[in-house]
>>> print(open('coords32.cif').read())   # mmCIF, C-alpha atoms
data_run
#
loop_
_atom_site.label_atom_id
_atom_site.label_comp_id
_atom_site.auth_asym_id
_atom_site.auth_seq_id
_atom_site.Cartn_x
_atom_site.Cartn_y
_atom_site.Cartn_z
CA MET A 1 -117.65 -26.98 135.92
CA ALA A 2 -114.04 -26.78 137.07
CA THR A 3 -111.64 -24.91 134.83
CA PHE A 4 -107.92 -25.58 134.37
CA THR A 5 -105.05 -23.29 133.56
CA ARG A 6 -103.00 -24.31 130.57
CA GLN A 7 -100.20 -25.62 132.83
CA GLU A 8 -102.67 -27.68 134.89
CA PHE A 9 -104.23 -29.03 131.72
CA TYR A 10 -100.83 -30.15 130.39
CA GLN A 11 -99.98 -31.78 133.71
CA GLN A 12 -103.31 -33.61 133.76
CA LEU A 13 -102.83 -34.71 130.15
CA LEU A 14 -99.33 -36.02 130.94
CA SER A 15 -100.33 -37.99 134.03
CA GLY A 16 -103.79 -39.05 132.86
CA CYS A 17 -103.14 -39.96 129.23
CA VAL A 18 -99.58 -39.70 127.88
CA LEU A 19 -97.82 -41.83 130.50
CA PRO A 20 -100.56 -44.52 130.76
CA THR A 21 -100.80 -44.75 126.97
CA ALA A 22 -97.04 -45.15 126.58
CA GLN A 23 -96.98 -47.77 129.34
CA GLN A 24 -99.85 -49.76 127.85
CA GLY A 25 -98.30 -49.55 124.39
CA PHE A 26 -95.01 -50.91 125.70
CA GLU A 27 -96.79 -53.70 127.58
CA GLN A 28 -98.54 -54.71 124.37
CA VAL A 29 -95.43 -55.02 122.22
CA TRP A 30 -92.49 -55.89 124.46
CA THR A 31 -93.23 -59.62 124.11
CA LEU A 32 -93.24 -59.32 120.33
CA LEU A 33 -89.99 -57.36 120.37
CA LEU A 34 -88.32 -59.96 122.57
CA LEU A 35 -89.51 -62.82 120.33
CA CYS A 36 -88.28 -60.96 117.25
CA LEU A 37 -84.85 -60.56 118.84
CA VAL A 38 -84.70 -64.26 119.80
CA CYS A 39 -85.62 -65.31 116.26
CA ARG A 40 -83.10 -62.90 114.80
CA LEU A 41 -80.34 -64.39 116.96
CA LEU A 42 -81.36 -67.94 115.98
CA TRP A 43 -81.31 -67.03 112.29
CA ARG A 44 -77.71 -65.85 112.64
CA LEU A 45 -76.65 -69.36 113.70
CA ALA A 46 -75.59 -72.02 111.21
CA LEU A 47 -78.82 -73.98 111.59
CA PRO A 48 -80.74 -75.96 108.95
CA SER A 49 -83.33 -73.82 107.19
CA TYR A 50 -86.25 -75.91 108.49
CA VAL A 51 -85.15 -75.19 112.07
CA LYS A 52 -85.26 -71.45 111.33
CA HIS A 53 -88.75 -71.78 109.87
CA LEU A 54 -89.88 -73.84 112.85
CA SER A 55 -88.61 -71.16 115.24
CA THR A 56 -90.72 -68.62 113.36
CA VAL A 57 -93.79 -70.85 113.55
CA ALA A 58 -93.29 -71.48 117.27
CA SER A 59 -92.85 -67.79 118.08
CA GLY A 60 -95.87 -66.88 115.95
CA PHE A 61 -98.01 -69.47 117.73
CA TYR A 62 -96.92 -68.12 121.10
CA ALA A 63 -97.76 -64.56 120.07
CA LEU A 64 -101.20 -65.61 118.82
CA TYR A 65 -101.92 -67.41 122.08
CA HIS A 66 -100.62 -64.46 124.09
CA PHE A 67 -103.07 -62.09 122.38
CA PHE A 68 -106.05 -64.34 121.56
CA GLN A 69 -105.75 -67.40 123.83
CA LEU A 70 -107.68 -70.41 122.46
CA GLN A 71 -109.53 -68.24 119.95
CA MET A 72 -106.33 -68.36 117.90
CA VAL A 73 -107.65 -71.67 116.54
CA TRP A 74 -109.67 -69.75 113.92
CA VAL A 75 -106.50 -68.12 112.58
CA VAL A 76 -104.70 -71.46 112.56
CA LEU A 77 -107.64 -73.13 110.79
CA LEU A 78 -107.55 -70.51 108.03
CA SER A 79 -103.81 -71.01 107.47
CA LEU A 80 -104.19 -74.81 107.30
CA LEU A 81 -107.08 -74.47 104.88
CA CYS A 82 -105.01 -72.17 102.65
CA TYR A 83 -102.11 -74.61 102.45
CA LEU A 84 -104.48 -77.51 101.77
CA VAL A 85 -105.96 -75.64 98.81
CA LEU A 86 -102.49 -74.65 97.63
CA PHE A 87 -101.33 -78.28 97.74
CA LEU A 88 -104.44 -79.73 96.07
CA CYS A 89 -104.22 -77.13 93.28
CA ARG A 90 -100.45 -77.37 92.88
CA HIS A 91 -100.74 -78.11 89.15
CA SER A 92 -103.26 -75.34 88.48
CA THR A 93 -102.46 -71.95 86.99
CA GLN A 94 -105.26 -70.24 88.95
CA ARG A 95 -104.04 -70.79 92.47
CA GLY A 96 -104.45 -67.15 93.42
CA VAL A 97 -108.10 -67.13 92.35
CA LEU A 98 -108.86 -70.45 94.07
CA LEU A 99 -107.27 -69.26 97.29
CA SER A 100 -109.24 -66.01 97.09
CA ILE A 101 -112.51 -67.92 96.72
CA THR A 102 -111.62 -70.24 99.62
CA ILE A 103 -110.77 -67.32 101.91
CA LEU A 104 -113.91 -65.46 100.82
CA ILE A 105 -116.09 -68.41 101.80
CA TYR A 106 -114.26 -68.87 105.10
CA LEU A 107 -114.55 -65.20 106.06
CA LEU A 108 -118.22 -65.06 105.07
CA MET A 109 -118.95 -68.12 107.20
CA GLY A 110 -117.14 -66.50 110.12
CA GLU A 111 -118.92 -63.19 109.65
CA MET A 112 -122.27 -64.99 109.49
CA HIS A 113 -121.78 -65.89 113.15
CA MET A 114 -119.95 -69.19 112.85
CA VAL A 115 -118.03 -67.51 115.70
CA ASP A 116 -119.48 -64.94 118.11
CA THR A 117 -119.11 -61.42 116.75
CA VAL A 118 -116.87 -59.99 119.48
CA SER A 119 -114.37 -62.86 119.32
CA TRP A 120 -114.30 -62.82 115.52
CA HIS A 121 -113.65 -59.07 115.37
CA LYS A 122 -110.77 -59.35 117.86
CA MET A 123 -109.02 -61.70 115.46
CA ARG A 124 -109.90 -59.72 112.34
CA GLY A 125 -106.48 -58.09 111.98
CA ALA A 126 -104.60 -61.39 112.23
CA GLN A 127 -107.06 -63.05 109.85
CA MET A 128 -106.53 -60.23 107.37
CA ILE A 129 -102.75 -60.71 107.40
CA VAL A 130 -103.09 -64.48 106.85
CA ALA A 131 -105.50 -63.91 103.96
CA MET A 132 -103.30 -61.30 102.29
CA LYS A 133 -100.17 -63.44 102.59
CA ALA A 134 -101.86 -66.56 101.22
CA VAL A 135 -103.50 -64.78 98.27
CA SER A 136 -100.31 -62.94 97.33
CA LEU A 137 -98.33 -66.18 97.43
CA GLY A 138 -100.91 -67.86 95.19
CA PHE A 139 -100.74 -65.13 92.55
CA ASP A 140 -96.93 -64.95 92.77
CA LEU A 141 -96.81 -68.71 92.08
CA ASP A 142 -99.11 -68.24 89.07
CA ARG A 143 -96.88 -65.47 87.72
CA GLY A 144 -93.69 -67.46 88.26
CA GLU A 145 -92.29 -64.94 90.75
CA VAL A 146 -92.10 -67.78 93.28
CA PRO A 147 -90.68 -70.83 91.46
CA ALA A 148 -92.28 -73.62 93.51
CA ILE A 149 -94.85 -74.22 96.22
CA PRO A 150 -93.15 -73.76 99.61
CA SER A 151 -92.89 -76.70 101.95
CA PRO A 152 -95.42 -76.78 104.81
CA VAL A 153 -92.86 -75.45 107.29
CA GLU A 154 -91.82 -72.62 104.93
CA PHE A 155 -95.45 -71.67 104.31
CA MET A 156 -96.32 -71.65 108.00
CA GLY A 157 -93.15 -69.74 108.80
CA TYR A 158 -94.23 -67.07 106.32
CA ILE A 159 -97.80 -66.97 107.66
CA TYR A 160 -96.75 -66.85 111.33
CA PHE A 161 -93.73 -64.59 110.95
CA ILE A 162 -93.41 -63.04 114.40
CA GLY A 163 -92.80 -59.52 113.11
CA THR A 164 -96.20 -59.30 111.41
CA VAL A 165 -98.48 -62.06 112.71
CA ILE A 166 -100.38 -59.77 115.10
CA PHE A 167 -100.25 -56.21 113.80
CA GLY A 168 -98.95 -56.68 110.26
CA PRO A 169 -98.09 -55.31 107.80
CA TRP A 170 -98.31 -57.68 104.87
CA PHE A 171 -95.17 -58.43 102.84
CA ARG A 172 -94.24 -60.83 100.03
CA PHE A 173 -92.94 -64.38 100.46
CA ARG A 174 -89.52 -63.50 99.03
CA THR A 175 -89.20 -60.76 101.66
CA TYR A 176 -89.73 -63.40 104.33
CA GLN A 177 -87.02 -65.56 102.76
CA GLN A 178 -84.62 -62.62 102.89
CA ALA A 179 -85.53 -62.02 106.54
CA VAL A 180 -84.77 -65.65 107.46
CA GLU A 181 -81.37 -65.36 105.76
CA SER A 182 -80.85 -62.44 108.13
CA ARG A 183 -78.33 -59.70 107.51
CA LYS A 184 -75.63 -59.06 110.10
CA MET A 185 -76.70 -57.32 113.27
CA SER A 186 -74.95 -54.00 113.80
CA PHE A 187 -75.12 -50.96 116.01
CA SER A 188 -76.76 -48.94 113.23
CA TRP A 189 -79.45 -51.66 112.95
CA LEU A 190 -80.09 -51.43 116.70
CA GLN A 191 -80.31 -47.64 116.45
CA LYS A 192 -82.88 -47.92 113.69
CA VAL A 193 -84.95 -50.40 115.72
CA CYS A 194 -84.93 -48.14 118.77
CA LEU A 195 -85.81 -45.06 116.71
CA SER A 196 -88.67 -46.89 114.99
CA PHE A 197 -90.04 -48.07 118.33
CA PHE A 198 -89.79 -44.56 119.75
CA LEU A 199 -91.62 -43.10 116.75
CA CYS A 200 -94.33 -45.76 117.10
CA LEU A 201 -94.92 -44.67 120.69
CA VAL A 202 -94.95 -41.02 119.61
CA CYS A 203 -97.58 -41.73 116.95
CA LEU A 204 -99.67 -43.70 119.47
CA ILE A 205 -99.51 -40.87 122.01
CA VAL A 206 -100.31 -38.21 119.42
CA SER A 207 -103.32 -40.11 118.06
CA THR A 208 -104.64 -40.98 121.54
CA CYS A 209 -103.80 -37.94 123.65
CA VAL A 210 -102.63 -35.01 121.56
CA ALA A 211 -104.75 -34.96 118.42
CA PRO A 212 -108.20 -34.99 120.08
CA TYR A 213 -107.41 -32.16 122.51
CA LEU A 214 -104.47 -30.07 121.38
CA PHE A 215 -104.82 -30.02 117.59
CA SER A 216 -105.72 -26.35 117.72
CA TYR A 217 -102.46 -25.64 119.58
CA LEU A 218 -100.01 -28.14 118.12
CA ILE A 219 -100.08 -28.97 114.41
CA PRO A 220 -97.46 -31.75 113.90
CA LEU A 221 -95.93 -30.59 110.66
CA TYR A 222 -92.44 -29.58 111.73
CA SER A 223 -91.13 -33.06 112.48
CA TYR A 224 -92.65 -34.62 109.36
CA LYS A 225 -89.30 -34.87 107.57
CA LEU A 226 -87.91 -36.88 110.47
CA LEU A 227 -90.95 -39.18 110.57
CA ARG A 228 -90.92 -39.75 106.83
CA LYS A 229 -87.47 -41.40 107.05
CA ASP A 230 -88.84 -44.25 109.16
CA LEU A 231 -92.56 -44.46 108.52
CA THR A 232 -93.02 -46.99 105.71
CA VAL A 233 -96.61 -48.04 106.36
CA SER A 234 -98.30 -44.68 105.81
CA ARG A 235 -97.81 -41.07 104.72
CA PRO A 236 -99.63 -39.08 107.41
CA LEU A 237 -99.37 -35.64 105.82
CA ASN A 238 -100.94 -36.91 102.58
CA VAL A 239 -103.92 -38.03 104.66
CA GLU A 240 -104.28 -34.93 106.82
CA LEU A 241 -103.66 -32.44 103.98
CA PRO A 242 -104.50 -34.43 100.84
CA ARG A 243 -104.19 -33.48 97.21
CA SER A 244 -107.02 -35.86 96.37
CA MET A 245 -109.03 -38.76 97.72
CA VAL A 246 -106.92 -41.04 95.52
CA GLU A 247 -103.87 -39.85 97.47
CA VAL A 248 -105.66 -40.47 100.77
CA VAL A 249 -106.55 -44.10 100.08
CA SER A 250 -103.10 -44.90 98.71
CA SER A 251 -101.28 -43.21 101.62
CA TRP A 252 -103.42 -44.44 104.51
CA ASN A 253 -101.91 -47.94 104.58
CA LEU A 254 -99.09 -48.43 102.08
CA PRO A 255 -98.69 -52.24 102.37
CA MET A 256 -102.47 -52.74 102.11
CA SER A 257 -102.62 -50.37 99.14
CA ARG A 258 -99.82 -52.23 97.36
CA TRP A 259 -101.48 -55.58 98.02
CA LEU A 260 -104.87 -54.43 96.72
CA ASN A 261 -103.27 -52.89 93.65
CA SER A 262 -101.09 -55.91 92.83
CA TYR A 263 -103.44 -58.77 93.59
CA VAL A 264 -106.98 -57.40 93.27
CA PHE A 265 -107.08 -54.33 91.03
CA LYS A 266 -104.68 -55.55 88.34
CA ASN A 267 -106.32 -58.97 88.21
CA SER A 268 -109.75 -57.34 87.89
CA LEU A 269 -108.84 -54.87 85.13
CA LYS A 270 -110.20 -57.21 82.46
CA LEU A 271 -113.65 -56.32 83.86
CA GLY A 272 -113.03 -52.64 83.14
CA THR A 273 -111.52 -49.86 85.25
CA PHE A 274 -114.67 -48.93 87.15
CA SER A 275 -115.56 -52.57 87.88
CA ALA A 276 -111.97 -53.25 89.00
CA ILE A 277 -112.13 -50.32 91.44
CA ILE A 278 -115.43 -51.54 92.93
CA VAL A 279 -114.08 -55.11 93.23
CA THR A 280 -110.96 -53.73 94.96
CA TYR A 281 -112.94 -51.78 97.54
CA ALA A 282 -115.30 -54.71 98.04
CA ALA A 283 -112.29 -56.93 98.77
CA SER A 284 -110.99 -54.35 101.24
CA ALA A 285 -114.40 -54.23 102.93
CA LEU A 286 -114.45 -58.01 103.30
CA LEU A 287 -110.94 -58.11 104.75
CA HIS A 288 -111.87 -55.42 107.25
CA GLY A 289 -114.97 -57.38 108.30
CA LEU A 290 -118.56 -57.33 107.10
CA SER A 291 -119.57 -54.35 109.19
CA PHE A 292 -122.17 -52.36 107.30
CA HIS A 293 -120.73 -48.96 108.09
CA LEU A 294 -117.21 -50.01 107.01
CA ALA A 295 -118.56 -51.48 103.77
CA ALA A 296 -120.58 -48.32 103.16
CA VAL A 297 -117.52 -46.11 103.68
CA LEU A 298 -115.22 -48.23 101.50
CA LEU A 299 -117.69 -48.61 98.64
CA SER A 300 -118.44 -44.88 98.79
CA LEU A 301 -114.69 -44.31 98.56
CA GLY A 302 -114.68 -46.45 95.42
CA PHE A 303 -117.21 -44.22 93.68
CA ILE A 304 -115.61 -41.00 94.97
CA THR A 305 -112.06 -41.90 93.90
CA TYR A 306 -113.13 -43.15 90.46
CA ILE A 307 -115.18 -40.04 89.63
CA GLU A 308 -112.47 -37.75 91.01
CA HIS A 309 -109.84 -39.56 88.94
CA VAL A 310 -111.69 -39.39 85.60
CA LEU A 311 -112.83 -35.79 86.18
CA ARG A 312 -109.36 -34.49 86.97
CA LYS A 313 -107.87 -36.53 84.12
CA ARG A 314 -110.33 -34.90 81.71
CA LEU A 315 -109.66 -31.40 83.09
CA ALA A 316 -105.90 -32.00 82.80
CA VAL A 317 -106.37 -32.74 79.09
CA ILE A 318 -108.63 -29.72 78.49
CA PHE A 319 -106.38 -27.22 80.30
CA ASP A 320 -103.08 -29.04 79.60
CA ALA A 321 -102.25 -28.60 83.28
CA CYS A 322 -100.91 -30.61 86.24
CA ILE A 323 -104.24 -31.13 87.98
CA LEU A 324 -104.36 -34.94 88.01
CA SER A 325 -105.30 -36.86 91.16
CA LYS A 326 -101.65 -37.78 91.64
CA ARG A 327 -98.77 -35.35 91.36
CA CYS A 328 -97.10 -35.22 87.98
CA PRO A 329 -93.48 -36.42 87.82
CA PRO A 330 -90.75 -33.79 87.26
CA GLY A 331 -90.51 -32.69 83.65
CA CYS A 332 -94.05 -33.74 82.67
CA SER A 333 -95.42 -32.67 79.29
CA HIS A 334 -98.17 -30.40 80.65
CA ARG A 335 -97.81 -26.78 79.56
CA HIS A 336 -99.21 -25.37 82.81
CA ASN A 337 -97.64 -26.70 85.97
CA THR A 338 -96.55 -23.75 88.11
CA SER A 339 -99.27 -21.21 87.33
CA LEU A 340 -101.19 -19.71 90.23
CA TRP A 341 -104.54 -20.96 88.93
CA VAL A 342 -103.16 -24.51 88.81
CA TYR A 343 -102.22 -24.32 92.50
CA LEU A 344 -105.62 -22.85 93.35
CA LEU A 345 -107.48 -25.56 91.44
CA ASN A 346 -105.47 -28.30 93.16
CA LEU A 347 -106.16 -26.58 96.49
CA LEU A 348 -109.88 -26.59 95.69
CA PHE A 349 -109.83 -30.33 94.99
CA GLY A 350 -107.84 -30.84 98.21
CA ALA A 351 -110.53 -28.98 100.15
CA LEU A 352 -113.17 -31.19 98.51
CA ALA A 353 -111.19 -34.26 99.61
CA ILE A 354 -111.15 -33.00 103.22
CA PHE A 355 -114.91 -32.47 102.96
CA HIS A 356 -115.39 -36.08 101.81
CA LEU A 357 -113.14 -37.36 104.61
CA THR A 358 -115.08 -35.42 107.23
CA TYR A 359 -118.36 -36.73 105.91
CA LEU A 360 -117.22 -40.36 105.78
CA GLY A 361 -115.52 -40.08 109.16
CA SER A 362 -118.76 -38.95 110.79
CA LEU A 363 -119.79 -42.62 110.99
CA PHE A 364 -117.07 -43.43 113.49
CA ASP A 365 -118.58 -42.32 116.80
CA MET A 366 -115.89 -41.68 119.41
CA ASP A 367 -118.54 -41.67 122.19
CA ALA A 368 -120.00 -45.09 121.36
CA ASP A 369 -119.77 -47.98 123.81
CA ASP A 370 -116.90 -50.45 123.35
CA SER A 371 -119.37 -53.29 122.79
CA VAL A 372 -121.01 -51.38 119.94
CA GLU A 373 -117.65 -50.65 118.31
CA GLU A 374 -116.57 -54.29 118.60
CA GLN A 375 -119.74 -55.56 116.90
CA GLY A 376 -119.88 -52.79 114.30
CA TYR A 377 -122.51 -50.16 113.58
CA GLY A 378 -125.69 -51.31 111.84
CA MET A 379 -127.38 -50.14 108.67
CA SER A 380 -129.92 -47.97 110.50
CA TYR A 381 -127.12 -46.10 112.29
CA THR A 382 -125.29 -45.48 109.01
CA MET A 383 -128.39 -44.28 107.17
CA HIS A 384 -129.41 -42.03 110.06
CA LYS A 385 -125.96 -40.48 110.38
CA TRP A 386 -125.66 -39.62 106.69
CA SER A 387 -129.27 -38.45 106.41
CA GLU A 388 -128.52 -35.94 109.20
CA LEU A 389 -125.85 -34.55 106.87
CA SER A 390 -128.30 -34.53 103.92
CA TRP A 391 -126.11 -37.05 102.05
CA ALA A 392 -123.88 -34.10 101.18
CA SER A 393 -120.80 -36.02 100.03
CA HIS A 394 -122.83 -38.39 97.87
CA TRP A 395 -124.60 -35.46 96.22
CA ALA A 396 -121.25 -33.72 95.63
CA THR A 397 -119.94 -36.92 94.03
CA PHE A 398 -123.01 -37.17 91.82
CA ALA A 399 -122.61 -33.52 90.78
CA SER A 400 -118.96 -34.20 89.90
CA TRP A 401 -120.03 -37.14 87.74
CA VAL A 402 -122.64 -35.04 85.94
CA PHE A 403 -120.03 -32.34 85.29
CA TYR A 404 -117.59 -34.94 84.00
CA ARG A 405 -120.20 -36.32 81.59
CA LEU A 406 -120.97 -32.81 80.31
CA ILE A 407 -117.35 -32.04 79.45
CA SER A 408 -116.54 -35.48 78.03
#
>>> encode(input="coords32.cif", output="structure tokens")
Amino acid sequence: MATFTRQEFYQQLLSGCVLPTAQQGFEQVWTLLLLCLVCRLLWRLALPSYVKHLSTVASGFYALYHFFQLQMVWVVLLSLLCYLVLFLCRHSTQRGVLLSITILIYLLMGEMHMVDTVSWHKMRGAQMIVAMKAVSLGFDLDRGEVPAIPSPVEFMGYIYFIGTVIFGPWFRFRTYQQAVESRKMSFSWLQKVCLSFFLCLVCLIVSTCVAPYLFSYLIPLYSYKLLRKDLTVSRPLNVELPRSMVEVVSSWNLPMSRWLNSYVFKNSLKLGTFSAIIVTYAASALLHGLSFHLAAVLLSLGFITYIEHVLRKRLAVIFDACILSKRCPPGCSHRHNTSLWVYLLNLLFGALAIFHLTYLGSLFDMDADDSVEEQGYGMSYTMHKWSELSWASHWATFASWVFYRLIS
């Protein structure tokens, strides 16, 4: 086997991965960036509001066709179905629930091979954004946060907003309205756009080229303060070096976490905390696609985070210490917050969280064929993978639950 010096390895990495990855990333998003700029310029003109919404719909349709070709019809069909339900139930006070049921049925029909698996999974991200936007709008209408049902062109403008129609993230309807009103374009705004795009490319390169090969040499902690100013969709350090599994799931995807908390968890609390958590993770599993290994991971996360939360909450009461799943705010009432044993106990729970993450992440095989990844891993693969690890994380979770019951 040929060996490389460190300099040769870096050169090979640069020419074989970094530059091609950056080029492909730019090729993927330059069309979206250009369409965003065109829409932004149109919104600055003194045009009727419906023209602005139509420009958003047109650009969103073009982006969908650019990425999915004629398969975009399944995304369009879902959006039309959502507005039909919203219009037919315009006098109801349960529009959010009715939309959720409609989307659930639609996604289940799609997952049950109404469409071929590969094509359906390619559109899964765009379908997820449409579903999240429609459900959030329904619940916001029920709560009175949105005063009236949007017109068809407003609704479609929100659904097909060019900035999020392909890659997300989700945002509320009133945020879309503010975007259409459009603040003045300035040099500082352009600087922020360019910096955000640069950081996106950096994150793509690190995740694709650097992290798998050079993690033992380069640990990206020093620039975290710079990244944190612009990254609003995740908190990477809280995922890589977590305090708890609760912190991991809430930091992995901030918009998704806010949506699940606002529109699934809070609306399910009447079923009880544990049931609400399971319903929330089940909803997340459905939105991510009915792949068995994804559902297994997400539902396992539901049990892990719930047991971790109640155990640490109980220990915090017993020891009167800051050892909750989430960091205590400044000036909390706990007597012990800076003691060495408190730091060590939190470190121990953090190590347990990393153990759980490693165990759950073992299902995602980096060496699998692309066709297998596109269709999802089956139940036999999931069971075999975890049985090889003696179901270690599940046993640790069960032991934590037993310990919690003993001290309750």
>>> atom_distance(input="coords32.cif", atom1="atom CA of Ala321 of chain A", atom2="atom CA of Trp341 of chain A")
9.8 Å
>>> resolve_selection(input="coords32.cif", expression="the PyMOL selection byres ((chain A and resi 66) around 12)", output="ChimeraX atom specification")
/A:27-32,35,59-65,67-72,165-166
>>> residues_near_point(input="coords32.cif", point="(-104.1, -38.2, 91.6)", cutoff="12 Å", atoms="only C-alpha atoms", output="ChimeraX atom specification")
/A:238,242-251,305-313,316,322-329,346,349-350,353
>>> closest_residue(input="coords32.cif", among="A:Arg44, A:His53, A:Arg174, A:Glu181", to="Gly157 of chain A", atoms="all atoms listed in the file")
A:His53
>>> residues_around(input="coords32.cif", residues="Ala22 of chain A", least_positions_apart="4", cutoff="10 Å", atoms="all atoms listed in the file", output="JSON list (two decimals) with C-alpha atoms, keeping the file's coordinate frame")
[["chain", "number", "residue", "atom", "x", "y", "z"],
["A", 17, "CYS", "CA", -103.14, -39.96, 129.23],
["A", 18, "VAL", "CA", -99.58, -39.70, 127.88],
["A", 26, "PHE", "CA", -95.01, -50.91, 125.70],
["A", 27, "GLU", "CA", -96.79, -53.70, 127.58],
["A", 28, "GLN", "CA", -98.54, -54.71, 124.37],
["A", 198, "PHE", "CA", -89.79, -44.56, 119.75],
["A", 200, "CYS", "CA", -94.33, -45.76, 117.10],
["A", 201, "LEU", "CA", -94.92, -44.67, 120.69],
["A", 202, "VAL", "CA", -94.95, -41.02, 119.61],
["A", 204, "LEU", "CA", -99.67, -43.70, 119.47],
["A", 205, "ILE", "CA", -99.51, -40.87, 122.01]]
>>> atom_distance(input="coords32.cif", atom1="atom CA of His293 of chain A", atom2="atom CA of Tyr381 of chain A")
8.2 Å
>>> closest_residue(input="coords32.cif", among="A:Leu344, A:Ile304, A:Ala283, A:Leu254", to="Phe398 of chain A", atoms="only C-alpha atoms")
A:Ile304
>>> closest_residue(input="coords32.cif", among="A:Trp170, A:Leu290, A:Ser262, A:Leu81", to="Val233 of chain A", atoms="only C-alpha atoms")
A:Trp170
>>> resolve_selection(input="coords32.cif", expression="the PyMOL selection byres ((chain A and resi 291) around 9)", output="list in words")
Glu111, Ala285, Leu286, His288, Gly289, Leu290, Phe292, His293, Leu294, Ala295, Ala296, Gln375, Gly376, Tyr377, Gly378 and Met379 of chain A
>>> atom_distance(input="coords32.cif", atom1="atom CA of Val180 of chain A", atom2="atom CA of Leu42 of chain A")
9.5 Å
>>> resolve_selection(input="coords32.cif", expression="the PyMOL selection byres ((chain A and resi 177) around 12)", output="list in words")
Trp43, Ser49, Tyr50, Lys52, His53, Thr56, Val146, Pro150, Glu154, Phe155, Gly157, Tyr158, Ile159, Phe161, Phe171, Arg172, Phe173, Arg174, Thr175, Tyr176, Gln178, Ala179, Val180, Glu181, Ser182 and Arg183 of chain A
>>> residues_around(input="coords32.cif", residues="segment 298-302 of chain A", least_positions_apart="6", cutoff="8 Å", atoms="only C-alpha atoms", output="PyMOL selection string")
chain A and resi 245+277-278+281-282+284-285+394
>>> closest_residue(input="coords32.cif", among="A:Phe274, A:Phe319, A:Phe197, A:Tyr83", to="Met156 of chain A", atoms="all atoms listed in the file")
A:Tyr83
>>> build_atoms(input="coords32.cif", residues="segment 288-299 of chain A", atoms="N, CA, C and O atoms", output="mmCIF file, keeping the file's coordinate frame")
data_model
loop_
_atom_site.group_PDB
_atom_site.id
_atom_site.type_symbol
_atom_site.label_atom_id
_atom_site.label_comp_id
_atom_site.auth_asym_id
_atom_site.auth_seq_id
_atom_site.Cartn_x
_atom_site.Cartn_y
_atom_site.Cartn_z
ATOM 1 N N HIS A 288 -111.691 -56.200 106.027
ATOM 2 C CA HIS A 288 -111.870 -55.420 107.250
ATOM 3 C C HIS A 288 -113.046 -55.909 108.082
ATOM 4 O O HIS A 288 -113.280 -55.420 109.188
ATOM 5 N N GLY A 289 -113.814 -56.863 107.568
ATOM 6 C CA GLY A 289 -114.970 -57.380 108.300
ATOM 7 C C GLY A 289 -116.258 -56.853 107.718
ATOM 8 O O GLY A 289 -116.337 -55.697 107.284
ATOM 9 N N LEU A 290 -117.286 -57.706 107.716
ATOM 10 C CA LEU A 290 -118.560 -57.330 107.100
ATOM 11 C C LEU A 290 -119.392 -56.465 108.039
ATOM 12 O O LEU A 290 -120.516 -56.800 108.381
ATOM 13 N N SER A 291 -118.828 -55.353 108.441
ATOM 14 C CA SER A 291 -119.570 -54.350 109.190
ATOM 15 C C SER A 291 -120.195 -53.398 108.183
ATOM 16 O O SER A 291 -119.511 -52.916 107.272
ATOM 17 N N PHE A 292 -121.476 -53.127 108.330
ATOM 18 C CA PHE A 292 -122.170 -52.360 107.300
ATOM 19 C C PHE A 292 -121.568 -50.975 107.119
ATOM 20 O O PHE A 292 -121.400 -50.503 105.995
ATOM 21 N N HIS A 293 -121.232 -50.319 108.227
ATOM 22 C CA HIS A 293 -120.730 -48.960 108.090
ATOM 23 C C HIS A 293 -119.352 -48.929 107.433
ATOM 24 O O HIS A 293 -119.051 -48.020 106.651
ATOM 25 N N LEU A 294 -118.511 -49.952 107.689
ATOM 26 C CA LEU A 294 -117.210 -50.010 107.010
ATOM 27 C C LEU A 294 -117.398 -50.273 105.518
ATOM 28 O O LEU A 294 -116.739 -49.651 104.679
ATOM 29 N N ALA A 295 -118.298 -51.200 105.182
ATOM 30 C CA ALA A 295 -118.560 -51.480 103.770
ATOM 31 C C ALA A 295 -119.118 -50.252 103.073
ATOM 32 O O ALA A 295 -118.747 -49.950 101.927
ATOM 33 N N ALA A 296 -119.996 -49.520 103.756
ATOM 34 C CA ALA A 296 -120.580 -48.320 103.160
ATOM 35 C C ALA A 296 -119.510 -47.258 102.891
ATOM 36 O O ALA A 296 -119.499 -46.618 101.833
ATOM 37 N N VAL A 297 -118.598 -47.093 103.848
ATOM 38 C CA VAL A 297 -117.520 -46.110 103.680
ATOM 39 C C VAL A 297 -116.602 -46.513 102.535
ATOM 40 O O VAL A 297 -116.263 -45.698 101.663
ATOM 41 N N LEU A 298 -116.181 -47.783 102.508
ATOM 42 C CA LEU A 298 -115.220 -48.230 101.500
ATOM 43 C C LEU A 298 -115.819 -48.212 100.096
ATOM 44 O O LEU A 298 -115.151 -47.805 99.131
ATOM 45 N N LEU A 299 -117.068 -48.640 99.959
ATOM 46 C CA LEU A 299 -117.690 -48.610 98.640
ATOM 47 C C LEU A 299 -117.957 -47.167 98.192
ATOM 48 O O LEU A 299 -117.843 -46.849 97.002
#
